[in-house]
Amino acid sequence: MPEIFASIIKETDRAIAITGAGGKTSLMFLLAHALRDSGRKVISSTSTRIQIPTAKQSNTVVLAAEKDFQVRLERGLRRSRHVTVAHQILPDNKLEGCTPDTLKHIFNHSSASAIIIEADGARGLSLKAPAENEPVVPDWADVHIAVAALDCLGQPLTKTDVFRPELVATITGLQLQESITVQAFAHLAVHPQGMFKSGPPAARSYCFLNKAENKTTRAMARQIIAMASHLQGNTFHFWVYGSILRNICIIRPAQ
């Protein structure tokens with residue numbers, strides 16, 4: 001059940017932004033379902049682009065570029081309490097997102113009490129470092145969740161598992177083709193150009209280490225947390241490690 005992840009979100013949280021790689025879209029819909037099931041009306045959306053959701057992820061998609069957008073949005077929120085909003089469908093059959101200002105306007109003029117925004121792209125890979133113009137995190141977000149997936153640990157630093165491996169190399173000190181280490185994850189988590197780049201200073205921030213699905217990977221997650229506590233760089237509020245797929249969620253305050 002997704003409720004185990006709902007402890008990340010407070011009743012007073014209205015805007016949640018998710019960045020990074022390795023489970024953003026799954027986490028967005030998981031949180032949307034948890035909030036919907038608690039009785040809240042929820043908008044899920046993106047400031048970049050995402051795949052068109054499956055019916056299980058979101059059975060109502062409303063496009064801002066079409067007529068009667070507001071009417072259809074409210075109809076969907078009344079019917080199912082969860083609606084996915086995008087600007088339009090692109091030729092590659094993905095949803096093009098809206099700007100943060102547009103999303104703020106849509107949300108403020110809706111009956112929804114929460115909006116969850118995928119604010120970064122990673123082409124489905126497990127790890128990434130943001131480019132100069134990334135991520136597109138709304139400055140009005142109450143919560144910022146940065147995601148990385150542990151299944152790339154021990155794999156070579158290449159485009160097979162990592163989005164923009166050259167930037168990851170620059171931040172972490174790894175060489176291309178070198179094995180990805182727990183030290184590299186720790187450096188990426190706290191580096192000013194790493195996982196929390198462009199994060200709103202006032203937002204409550206979580207570093208989520210996904211795909212910690214067994215004792216070995218959960219031990220690696222704890223090693224990352226311990227190493228990061230001794231590094232200089234960005235500060236954030238909480239670590240989360242576990243598995244979206246297996247419904248494992250362990251939350252620890254960041255030191």
# chains A, B, ... in the order shown; residues from 1 in each chain; ligands from 1
$ residues_around --residues "region 130-146 of chain A" --least-positions-apart "2" --cutoff "7 Å" --atoms "only C-alpha atoms" --output "PyMOL selection string"
chain A and resi 13-20+47+100+119-120+128+194-196+198-200+203-208
$ select_by_dssp --residues "region 58-197 of chain A" --states "strand (DSSP E)" --output "ChimeraX atom specification"
/A:61-63,82-86,88-89,94-96,114-118,127-128,143-149,162-163
$ residues_around --residues "Lys94 (chain A)" --least-positions-apart "2" --cutoff "12 Å" --atoms "only C-alpha atoms" --output "number ranges by chain"
A: 46, 48-54, 86-92, 96-97, 123
$ write_last_selection --atoms "N, CA and C atoms" --output "short mmCIF file (atom, residue, chain, number, x, y, z; two decimals), in the first residue's frame"
data_model
loop_
_atom_site.label_atom_id
_atom_site.label_comp_id
_atom_site.auth_asym_id
_atom_site.auth_seq_id
_atom_site.Cartn_x
_atom_site.Cartn_y
_atom_site.Cartn_z
N THR A 46 4.12 17.81 -14.48
CA THR A 46 5.55 17.89 -14.73
C THR A 46 5.89 19.27 -15.27
N THR A 48 8.69 19.31 -17.01
CA THR A 48 9.51 18.89 -18.15
C THR A 48 8.62 18.08 -19.11
N ARG A 49 8.80 16.77 -19.14
CA ARG A 49 7.92 15.89 -19.92
C ARG A 49 7.95 14.50 -19.31
N ILE A 50 6.84 13.79 -19.46
CA ILE A 50 6.74 12.43 -18.93
C ILE A 50 5.97 11.57 -19.92
N GLN A 51 6.08 10.26 -19.73
CA GLN A 51 5.26 9.34 -20.50
C GLN A 51 3.79 9.53 -20.12
N ILE A 52 2.91 9.30 -21.07
CA ILE A 52 1.48 9.32 -20.74
C ILE A 52 1.22 8.25 -19.69
N PRO A 53 0.60 8.61 -18.58
CA PRO A 53 0.43 7.62 -17.51
C PRO A 53 -0.50 6.48 -17.91
N THR A 54 -0.28 5.33 -17.31
CA THR A 54 -1.20 4.22 -17.49
C THR A 54 -2.48 4.52 -16.70
N ALA A 86 -1.14 18.34 -17.99
CA ALA A 86 0.00 18.65 -18.86
C ALA A 86 -0.43 19.72 -19.84
N HIS A 87 0.54 20.24 -20.58
CA HIS A 87 0.19 21.26 -21.57
C HIS A 87 -0.42 20.62 -22.81
N GLN A 88 0.28 19.61 -23.36
CA GLN A 88 -0.20 18.96 -24.57
C GLN A 88 0.51 17.62 -24.74
N ILE A 89 0.03 16.81 -25.70
CA ILE A 89 0.69 15.56 -26.05
C ILE A 89 1.65 15.84 -27.20
N LEU A 90 2.90 15.43 -27.05
CA LEU A 90 3.93 15.66 -28.05
C LEU A 90 3.90 14.57 -29.12
N PRO A 91 4.55 14.81 -30.26
CA PRO A 91 4.57 13.79 -31.33
C PRO A 91 5.15 12.45 -30.90
N ASP A 92 6.07 12.45 -29.90
CA ASP A 92 6.64 11.19 -29.43
C ASP A 92 5.76 10.51 -28.38
N GLU A 96 3.88 16.95 -22.58
CA GLU A 96 4.69 18.14 -22.36
C GLU A 96 4.16 18.87 -21.14
N GLY A 97 5.06 19.19 -20.22
CA GLY A 97 4.64 19.84 -19.00
C GLY A 97 4.36 21.32 -19.16
N ARG A 123 15.47 10.18 -18.57
CA ARG A 123 15.32 9.13 -19.58
C ARG A 123 15.23 7.73 -18.98
#
$ residues_around --residues "region 56-59 of chain A" --least-positions-apart "5" --cutoff "12 Å" --atoms "only C-alpha atoms" --output "PyMOL selection string"
chain A and resi 25-34+36+42-45+51+76-77+79-85
$ closest_residue --among "A:Gly39, A:Gly173, A:Gly233, A:Gly121" --to "Lys197 (chain A)" --atoms "only C-alpha atoms"
A:Gly233
$ residues_around --residues "Thr160 (chain A)" --least-positions-apart "2" --cutoff "8 Å" --atoms "only C-alpha atoms" --output "list in words"
Leu125, Thr158 and Val162 of chain A
$ write_last_selection --atoms "N, CA and C atoms" --output "short mmCIF file (atom, residue, chain, number, x, y, z; two decimals), in the first residue's frame"
data_model
loop_
_atom_site.label_atom_id
_atom_site.label_comp_id
_atom_site.auth_asym_id
_atom_site.auth_seq_id
_atom_site.Cartn_x
_atom_site.Cartn_y
_atom_site.Cartn_z
N LEU A 125 16.83 6.47 -16.47
CA LEU A 125 18.08 5.93 -15.94
C LEU A 125 18.11 6.05 -14.42
N THR A 158 28.70 5.03 -17.16
CA THR A 158 28.46 5.20 -18.59
C THR A 158 27.01 5.64 -18.79
N VAL A 162 23.52 5.98 -16.36
CA VAL A 162 23.64 7.33 -15.81
C VAL A 162 23.32 8.37 -16.87
#
$ atom_distance --atom1 "CA of Gly154 (chain A)" --atom2 "CA of Glu178 (chain A)"
8.7 Å
$ atom_distance --atom1 "CA of His191 (chain A)" --atom2 "CA of Phe5 (chain A)"
25.9 Å
$ closest_atom_pairs --of "region 55-156 of chain A" --to "region 182-187 of chain A" --cutoff "9 Å" --atoms "only C-alpha atoms" --output "JSON lines"
{"residue": "A:Leu127", "atom": "CA", "partner": "A:Phe185", "partner_atom": "CA", "distance": 9.0}
{"residue": "A:Ala148", "atom": "CA", "partner": "A:Phe185", "partner_atom": "CA", "distance": 8.4}
{"residue": "A:Leu150", "atom": "CA", "partner": "A:Phe185", "partner_atom": "CA", "distance": 8.8}
{"residue": "A:Leu153", "atom": "CA", "partner": "A:Val182", "partner_atom": "CA", "distance": 7.1}
{"residue": "A:Gly154", "atom": "CA", "partner": "A:Val182", "partner_atom": "CA", "distance": 8.8}
$ residues_around --residues "Ser229 (chain A)" --least-positions-apart "4" --cutoff "10 Å" --atoms "only C-alpha atoms" --output "number ranges by chain"
A: 186, 190, 224-225, 233, 235, 254-255
$ write_last_selection --atoms "N, CA and C atoms" --output "PDB file, in the first residue's frame"
ATOM      1  N   ALA A 186      27.345   9.648  -2.177  1.00  0.00           N
ATOM      2  CA  ALA A 186      27.414  10.616  -1.080  1.00  0.00           C
ATOM      3  C   ALA A 186      27.811  11.995  -1.599  1.00  0.00           C
ATOM      4  N   VAL A 190      25.327  15.771  -1.732  1.00  0.00           N
ATOM      5  CA  VAL A 190      25.575  17.036  -1.021  1.00  0.00           C
ATOM      6  C   VAL A 190      26.226  18.108  -1.882  1.00  0.00           C
ATOM      7  N   ILE A 224      26.164   5.269   2.510  1.00  0.00           N
ATOM      8  CA  ILE A 224      26.082   6.561   1.815  1.00  0.00           C
ATOM      9  C   ILE A 224      25.722   7.671   2.797  1.00  0.00           C
ATOM     10  N   ILE A 225      24.730   7.403   3.639  1.00  0.00           N
ATOM     11  CA  ILE A 225      24.286   8.396   4.614  1.00  0.00           C
ATOM     12  C   ILE A 225      25.429   8.755   5.567  1.00  0.00           C
ATOM     13  N   GLY A 233      28.866  20.749   1.889  1.00  0.00           N
ATOM     14  CA  GLY A 233      28.008  20.965   0.728  1.00  0.00           C
ATOM     15  C   GLY A 233      26.600  21.348   1.125  1.00  0.00           C
ATOM     16  N   THR A 235      22.868  21.227   2.469  1.00  0.00           N
ATOM     17  CA  THR A 235      22.207  20.568   3.588  1.00  0.00           C
ATOM     18  C   THR A 235      20.758  20.285   3.201  1.00  0.00           C
ATOM     19  N   ALA A 254      18.717  13.934   8.391  1.00  0.00           N
ATOM     20  CA  ALA A 254      20.072  14.188   7.893  1.00  0.00           C
ATOM     21  C   ALA A 254      20.882  14.860   8.996  1.00  0.00           C
ATOM     22  N   GLN A 255      22.148  14.510   9.086  1.00  0.00           N
ATOM     23  CA  GLN A 255      23.008  15.088  10.114  1.00  0.00           C
ATOM     24  C   GLN A 255      23.571  16.431   9.634  1.00  0.00           C
TER      25      GLN A 255
END
$ closest_residue --among "A:Ala221, A:Ala169, A:Cys152, A:Leu231" --to "Ile250 (chain A)" --atoms "only C-alpha atoms"
A:Ala221
$ closest_residue --among "A:Ile180, A:Leu174, A:Ala112, A:Leu167" --to "Ala129 (chain A)" --atoms "only C-alpha atoms"
A:Leu167
$ closest_residue --among "A:Leu73, A:Leu157, A:Ala219, A:Ile8" --to "Trp239 (chain A)" --atoms "only C-alpha atoms"
A:Ile8
$ residues_around --residues "Asn210 (chain A)" --least-positions-apart "2" --cutoff "9 Å" --atoms "only C-alpha atoms" --output "count of residues only"
15
$ select_by_dssp --residues "region 25-193 of chain A" --states "alpha helix (DSSP H)" --output "PyMOL selection string"
chain A and resi 25-37+69-80+100-108+165-172+182-190
$ write_last_selection --atoms "C-alpha atoms" --output "PDB file, in the first residue's frame"
ATOM      1  CA  THR A  25       7.448   9.068 -11.929  1.00  0.00           C
ATOM      2  CA  SER A  26       6.614   6.012  -9.831  1.00  0.00           C
ATOM      3  CA  LEU A  27       7.091   8.027  -6.654  1.00  0.00           C
ATOM      4  CA  MET A  28       4.930  10.866  -7.962  1.00  0.00           C
ATOM      5  CA  PHE A  29       1.972   8.581  -8.633  1.00  0.00           C
ATOM      6  CA  LEU A  30       2.530   6.614  -5.420  1.00  0.00           C
ATOM      7  CA  LEU A  31       2.324   9.815  -3.374  1.00  0.00           C
ATOM      8  CA  ALA A  32      -0.644  11.040  -5.423  1.00  0.00           C
ATOM      9  CA  HIS A  33      -2.531   7.824  -4.652  1.00  0.00           C
ATOM     10  CA  ALA A  34      -1.653   8.028  -0.961  1.00  0.00           C
ATOM     11  CA  LEU A  35      -2.924  11.599  -0.690  1.00  0.00           C
ATOM     12  CA  ARG A  36      -6.015  10.798  -2.764  1.00  0.00           C
ATOM     13  CA  ASP A  37      -6.799   7.828  -0.528  1.00  0.00           C
ATOM     14  CA  PHE A  69      -9.565  22.957 -19.378  1.00  0.00           C
ATOM     15  CA  GLN A  70     -10.711  24.254 -15.990  1.00  0.00           C
ATOM     16  CA  VAL A  71     -14.133  22.615 -16.302  1.00  0.00           C
ATOM     17  CA  ARG A  72     -12.605  19.247 -17.189  1.00  0.00           C
ATOM     18  CA  LEU A  73     -10.024  19.559 -14.410  1.00  0.00           C
ATOM     19  CA  GLU A  74     -12.708  20.138 -11.772  1.00  0.00           C
ATOM     20  CA  ARG A  75     -14.852  17.358 -13.171  1.00  0.00           C
ATOM     21  CA  GLY A  76     -11.919  14.955 -12.854  1.00  0.00           C
ATOM     22  CA  LEU A  77     -11.080  16.090  -9.323  1.00  0.00           C
ATOM     23  CA  ARG A  78     -14.697  15.582  -8.242  1.00  0.00           C
ATOM     24  CA  ARG A  79     -14.896  12.158  -9.830  1.00  0.00           C
ATOM     25  CA  SER A  80     -11.568  10.571  -8.840  1.00  0.00           C
ATOM     26  CA  PRO A 100       6.124  26.527 -12.870  1.00  0.00           C
ATOM     27  CA  ASP A 101       4.157  29.782 -13.132  1.00  0.00           C
ATOM     28  CA  THR A 102       1.426  28.078 -15.156  1.00  0.00           C
ATOM     29  CA  LEU A 103       1.259  25.179 -12.708  1.00  0.00           C
ATOM     30  CA  LYS A 104       0.974  27.620  -9.819  1.00  0.00           C
ATOM     31  CA  HIS A 105      -1.903  29.396 -11.549  1.00  0.00           C
ATOM     32  CA  ILE A 106      -3.669  26.099 -12.356  1.00  0.00           C
ATOM     33  CA  PHE A 107      -3.276  24.822  -8.818  1.00  0.00           C
ATOM     34  CA  ASN A 108      -4.332  28.056  -7.121  1.00  0.00           C
ATOM     35  CA  PRO A 165      27.814  10.678 -16.802  1.00  0.00           C
ATOM     36  CA  GLU A 166      30.395  13.358 -17.620  1.00  0.00           C
ATOM     37  CA  LEU A 167      28.786  15.711 -15.097  1.00  0.00           C
ATOM     38  CA  VAL A 168      28.577  12.936 -12.508  1.00  0.00           C
ATOM     39  CA  ALA A 169      32.303  12.333 -13.050  1.00  0.00           C
ATOM     40  CA  THR A 170      33.091  16.006 -12.507  1.00  0.00           C
ATOM     41  CA  ILE A 171      31.088  16.160  -9.272  1.00  0.00           C
ATOM     42  CA  THR A 172      32.156  12.851  -7.756  1.00  0.00           C
ATOM     43  CA  VAL A 182      28.848   4.613  -2.372  1.00  0.00           C
ATOM     44  CA  GLN A 183      31.297   7.506  -2.067  1.00  0.00           C
ATOM     45  CA  ALA A 184      30.117   8.834  -5.435  1.00  0.00           C
ATOM     46  CA  PHE A 185      26.482   8.737  -4.249  1.00  0.00           C
ATOM     47  CA  ALA A 186      27.414  10.616  -1.080  1.00  0.00           C
ATOM     48  CA  HIS A 187      29.241  13.331  -3.006  1.00  0.00           C
ATOM     49  CA  LEU A 188      26.389  13.682  -5.495  1.00  0.00           C
ATOM     50  CA  ALA A 189      23.859  14.050  -2.671  1.00  0.00           C
ATOM     51  CA  VAL A 190      25.575  17.036  -1.021  1.00  0.00           C
TER      52      VAL A 190
END
$ atom_distance --atom1 "CA of His109 (chain A)" --atom2 "CA of Asp68 (chain A)"
13.7 Å
